[in-house]
Every structure is written in structure tokens, then in C-alpha cells.
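Novice: My file is my_file-v3.txt. It has compact mmCIF, C-alpha atoms and all ligand atoms:
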```
# COMPACT_ATOMS: atom_id res chain seq x y z
CA MET A 1 -10.40 3.78 18.56
CA PRO A 2 -11.22 4.83 14.97
CA PHE A 3 -13.63 2.58 13.08
CA LEU A 4 -14.35 3.34 9.42
CA VAL A 5 -17.06 1.70 7.34
CA ALA A 6 -17.42 1.67 3.54
CA VAL A 7 -21.05 1.83 2.46
CA GLU A 8 -22.24 1.02 -1.05
CA ASP A 9 -25.88 0.81 -2.16
CA ALA A 10 -26.99 1.29 1.46
CA SER A 11 -25.13 -1.75 2.75
CA VAL A 12 -21.75 -2.29 4.38
CA ALA A 13 -19.04 -3.15 1.84
CA GLY A 14 -16.15 -3.17 4.29
CA TYR A 15 -14.65 -1.86 7.51
CA VAL A 16 -11.34 -1.11 9.18
CA ILE A 17 -10.60 -0.75 12.90
CA ALA A 18 -7.51 0.69 14.56
CA ARG A 19 -6.38 1.80 17.97
CA HIS A 20 -3.72 4.32 18.84
CA ALA A 21 -1.73 5.54 21.80
CA VAL A 22 0.51 8.62 21.68
CA ASP A 23 2.24 8.45 18.27
CA GLU A 24 1.80 4.76 17.43
CA ALA A 25 -1.20 2.89 16.09
CA GLU A 26 -2.25 -0.65 15.22
CA ILE A 27 -4.71 -1.69 12.53
CA GLN A 28 -6.66 -4.41 14.28
CA ASN A 29 -9.04 -5.62 11.62
CA LEU A 30 -9.88 -5.01 7.97
CA GLY A 31 -12.50 -6.77 5.90
CA VAL A 32 -14.32 -6.33 2.61
CA ASP A 33 -17.47 -8.21 1.61
CA PRO A 34 -16.24 -11.16 -0.54
CA ALA A 35 -18.72 -10.20 -3.28
CA ARG A 36 -17.20 -6.71 -3.51
CA ARG A 37 -13.50 -7.40 -3.38
CA ARG A 38 -11.00 -6.19 -5.98
CA HIS A 39 -12.88 -2.95 -6.56
CA GLY A 40 -10.64 -0.75 -4.45
CA ALA A 41 -12.61 -0.70 -1.17
CA GLY A 42 -9.79 -2.21 0.86
CA ARG A 43 -7.29 0.34 -0.38
CA VAL A 44 -9.73 3.23 0.20
CA LEU A 45 -10.46 2.06 3.75
CA VAL A 46 -6.80 1.71 4.75
CA THR A 47 -5.86 5.00 3.05
CA ALA A 48 -8.67 6.78 4.93
CA MET A 49 -7.60 5.17 8.19
CA LEU A 50 -3.98 6.28 7.70
CA ALA A 51 -5.20 9.85 7.07
CA THR A 52 -7.37 9.72 10.22
CA LEU A 53 -4.46 8.44 12.31
CA ARG A 54 -2.11 11.08 10.88
CA GLU A 55 -4.58 13.79 11.91
CA ARG A 56 -4.49 12.36 15.43
CA GLY A 57 -0.70 12.70 15.64
CA VAL A 58 0.26 9.12 14.84
CA ALA A 59 3.70 8.72 13.26
CA ALA A 60 3.85 4.95 12.71
CA VAL A 61 1.26 2.23 12.13
CA PHE A 62 1.75 -1.49 12.84
CA LEU A 63 -0.32 -4.57 12.07
CA GLU A 64 -0.15 -8.35 12.06
CA VAL A 65 -1.20 -10.47 9.12
CA ARG A 66 -1.16 -14.21 8.47
CA GLU A 67 1.94 -15.24 6.57
CA SER A 68 -0.24 -16.97 3.96
CA ASN A 69 -2.40 -13.88 3.41
CA THR A 70 -0.57 -12.58 0.39
CA VAL A 71 -3.65 -10.65 -0.82
CA ALA A 72 -3.65 -8.41 2.25
CA GLN A 73 0.16 -8.19 2.20
CA HIS A 74 0.01 -6.88 -1.40
CA LEU A 75 -2.53 -4.27 -0.37
CA TYR A 76 -0.42 -3.12 2.58
CA ALA A 77 2.83 -3.12 0.57
CA GLY A 78 1.20 -0.79 -1.93
CA LEU A 79 0.45 1.62 0.91
CA GLY A 80 4.00 1.78 2.26
CA PHE A 81 4.01 -1.05 4.81
CA THR A 82 7.20 -3.07 5.17
CA ARG A 83 7.92 -6.25 7.09
CA VAL A 84 9.58 -5.59 10.47
CA GLY A 85 9.13 -8.87 12.32
CA ARG A 86 7.30 -12.11 12.90
CA ARG A 87 5.31 -13.66 15.75
CA ARG A 88 5.69 -17.40 15.74
CA HIS A 89 2.47 -19.46 15.96
CA TYR A 90 0.50 -16.27 16.60
CA TYR A 91 -2.67 -17.49 14.87
CA ARG A 92 -4.82 -20.54 15.60
CA PHE A 93 -7.19 -22.60 13.43
CA PRO A 94 -4.89 -23.10 11.64
CA THR A 95 -1.74 -22.33 13.58
CA GLU A 96 0.39 -19.93 11.60
CA ASP A 97 3.02 -17.23 12.07
CA ALA A 98 2.07 -13.57 11.92
CA VAL A 99 4.09 -11.18 9.83
CA ILE A 100 4.44 -7.77 11.49
CA LEU A 101 4.20 -4.81 9.13
CA ARG A 102 4.95 -1.15 9.80
CA ALA A 103 4.32 2.03 7.87
CA PRO A 104 5.55 5.52 8.74
CA ILE A 105 2.83 8.11 8.14
C1 LIG B 201 -7.57 -7.92 2.02
C2 LIG B 201 -8.89 -7.32 1.56
C3 LIG B 201 -9.37 -6.34 2.65
C4 LIG B 201 -8.64 -6.53 0.25
O1 LIG B 201 -9.84 -5.83 -0.05
P1 LIG B 201 -10.18 -5.41 -1.57
O2 LIG B 201 -11.25 -4.39 -1.50
O3 LIG B 201 -10.41 -6.62 -2.39
O4 LIG B 201 -8.78 -4.74 -2.03
P2 LIG B 201 -8.58 -3.67 -3.19
O5 LIG B 201 -9.53 -3.95 -4.31
O6 LIG B 201 -8.59 -2.31 -2.61
O7 LIG B 201 -7.12 -4.05 -3.71
C5 LIG B 201 -5.99 -3.33 -3.23
C6 LIG B 201 -4.73 -4.13 -3.52
O8 LIG B 201 -4.75 -5.33 -2.77
C7 LIG B 201 -4.11 -6.36 -3.52
N1 LIG B 201 -5.09 -7.40 -3.83
C8 LIG B 201 -6.43 -7.37 -3.61
N2 LIG B 201 -6.98 -8.53 -3.99
C9 LIG B 201 -5.97 -9.30 -4.47
C10 LIG B 201 -5.91 -10.63 -5.00
N3 LIG B 201 -7.00 -11.40 -5.09
N4 LIG B 201 -4.70 -11.09 -5.37
C11 LIG B 201 -3.58 -10.35 -5.25
N5 LIG B 201 -3.57 -9.08 -4.76
C12 LIG B 201 -4.75 -8.57 -4.38
C13 LIG B 201 -3.59 -5.73 -4.78
O9 LIG B 201 -2.28 -5.23 -4.53
C14 LIG B 201 -4.58 -4.59 -4.96
O10 LIG B 201 -4.08 -3.57 -5.76
P3 LIG B 201 -4.33 -3.62 -7.37
O11 LIG B 201 -5.81 -3.77 -7.55
O12 LIG B 201 -3.78 -2.31 -7.82
O13 LIG B 201 -3.59 -4.83 -7.86
C15 LIG B 201 -9.97 -8.40 1.28
O14 LIG B 201 -9.43 -9.35 0.40
C16 LIG B 201 -10.47 -9.10 2.53
O15 LIG B 201 -11.42 -8.65 3.19
N6 LIG B 201 -9.82 -10.24 2.88
C17 LIG B 201 -10.22 -11.04 4.04
C18 LIG B 201 -9.87 -10.34 5.33
C19 LIG B 201 -8.41 -9.99 5.40
O16 LIG B 201 -7.53 -10.69 4.90
N7 LIG B 201 -8.15 -8.86 6.08
C20 LIG B 201 -6.80 -8.39 6.33
C21 LIG B 201 -6.32 -8.98 7.62
S1 LIG B 201 -4.77 -8.21 8.12
```
Represent the structure of the file as C-alpha cells.
Ligand SMILES: CC(C)(COP(=O)(O)OP(=O)(O)OC[C@H]1O[C@@H](n2cnc3c(N)ncnc32)[C@H](O)[C@@H]1OP(=O)(O)O)[C@@H](O)C(=O)NCCC(=O)NCCS
Specialist:
Amino acid sequence: MPFLVAVEDASVAGYVIARHAVDEAEIQNLGVDPARRRHGAGRVLVTAMLATLRERGVAAVFLEVRESNTVAQHLYAGLGFTRVGRRRHYYRFPTEDAVILRAPI
């Protein structure tokens, strides 16, 4: 279960968590400190995670993201993720569909 942390000025700027089994992986969570967004940390974290997963023999990475989360969807699209499905009412508070993204690595 790889867990990568971005550290800046001795404090945590962001993190990404994934899990993998055989040749497939799922990014489970990604977050960047709101005060430090739009400075490339999110892209660096996901890029580093994809490299880590590739080294572990993963061939494809999946994730779910809220349909309204266009910021994260832009980030993932720029790293080769494409939409492969939807889970209806997957999220709560508020209820919302999840978009399923996949990237070959
Ligand atoms: C999504 C998130 C991790 C992005 O982190 P970040 O460090 O700000 O992202 P980056 O600076 O690396 O930006 C990478 C790309 O994301 C997209 N992006 C980031 N912020 C954006 C914004 N406010 N509006 C539109 N696109 C945006 C852009 O495509 C950007 O590339 P560009 O700078 O070349 O345009 C951050 O906004 C976050 O923590 N959000 C809350 C948690 C979340 O949504 N996690 C993902 C759940 S699946």
C-alpha cells in the first residue's frame, strides 16, 4: 500500500495513497494543503505514485472522483487518465455520482 508525502518547509504539503494487487492499482486518496495548491504538488505526487506502481509491476491504475471535482479531473486527464465508467450515487454528503478513471502505465 504505497503512501507518498510531499514535504515543503518541514511540513506536509500533500499526500497520495494507493493500493495494488497483481497488475492493477487504485489511487485511494490525494490531497494538497489548500494554501499550497496550484504549485504543482498534486501533479508531482500522482506522477511519483504512477512511477512507484510501475516499478511494482502495475499495468493499469483506476480511481473514483466526484463528478463535480473538475479540478482533480483536469489533473488526472493531464496524466493520461480517461473516463471508463460511473458509479451512481457513490458519494454521500452530498450524494453524487463517481466518475471512474483509468490510466495505463
Ligand atoms: C486536486 C488537487 C490534489 C490538485 O493539487 P494541486 O497541487 O493544486 O495541483 P497542481 O498544481 O499539481 O495542478 C495540476 C493540474 O491540475 C489542474 N488544476 C489544479 N488546480 C486547478 C484549478 N483550480 N482549476 C482547474 N484546474 C486545476 C490543472 O490541470 C493543473 O495543471 P496546470 O497547472 O498545468 O493547469 C487539490 O486541488 C486538492 O487537494 N483538492 C482537494 C482534494 C481532492 O479533490 N483530491 C482528489 C480526489 S480524487
Novice: With distances taken over only C-alpha atoms, which residue among A:Ala21, A:Leu45, A:Ile27, A:Leu53 lies nearest Ala6 in chain A?
Specialist: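 Going through A:Ala21, A:Leu45, A:Ile27, A:Leu53 one by one, the smallest distance to Ala6 in chain A is for A:Leu45.
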Novice: If I take CA of Val84 in chain A and CA of Val71 in chain A, how far is one from the other in Å, to one decimal?
Specialist: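 So the two atoms, CA of Val84 in chain A and CA of Val71 in chain A, lie 18.1 Å apart.
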Novice: Ligand LIG 201 (chain B): which residues are within 12 Å, counting all atoms listed in the file? Reply as a PyMOL selection string.
Specialist: chain A and resi 6+13-18+26-48+62-81+91+98-101
Novice: Let me make sure I understand: among A:Arg56, A:Leu50, A:Val7, A:Pro2, which one has the smallest atom-to-atom distance to Val22 in chain A if we use only C-alpha atoms?
Specialist: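 So, comparing all the options, the nearest one is A:Arg56.
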Novice: Quick one: residues within 7 Å of Ala59 in chain A, only C-alpha atoms, excluding same-chain residues fewer than 3 positions away - as a list of chain:residue names?
Specialist: A:Asp23, A:Glu24, A:Arg54, A:Pro104, A:Ile105
Novice: Those residues with C-alpha atoms, as an mmCIF file, keeping the file's coordinate frame please?
Specialist:
```cif
data_model
loop_
_atom_site.group_PDB
_atom_site.id
_atom_site.type_symbol
_atom_site.label_atom_id
_atom_site.label_comp_id
_atom_site.auth_asym_id
_atom_site.auth_seq_id
_atom_site.Cartn_x
_atom_site.Cartn_y
_atom_site.Cartn_z
ATOM 1 C CA ASP A 23 2.240 8.450 18.270
ATOM 2 C CA GLU A 24 1.800 4.760 17.430
ATOM 3 C CA ARG A 54 -2.110 11.080 10.880
ATOM 4 C CA PRO A 104 5.550 5.520 8.740
ATOM 5 C CA ILE A 105 2.830 8.110 8.140
#
```
Novice: Please report the interatomic distance between CA of Arg87 in chain A and CA of Phe3 in chain A in Å with one decimal.
Specialist: 25.1 Å
Novice: If I take CA of Ala10 in chain A and CA of Met49 in chain A, how far is one from the other in Å, to one decimal?
Specialist: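 Interatomic distance, CA of Ala10 in chain A to CA of Met49 in chain A: 20.9 Å.
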Novice: Taking only C-alpha atoms into account, which of A:Arg102, A:Ser11, A:Asp97, A:Val58 comes nearest Arg83 in chain A?
Specialist: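 Under the stated criterion, the closest residue is A:Arg102.
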Novice: Kindly list the centre and edge lengths in Å, rounded to one decimal, for the axis-aligned box that covers all listed atoms of range 60-72 of chain A plus 4 Å on each of its six sides, as AutoDock Vina command-line options.
Specialist:
```
--center_x 0.1 --center_y -6.0 --center_z 6.0 --size_x 15.5 --size_y 29.9 --size_z 21.7
```
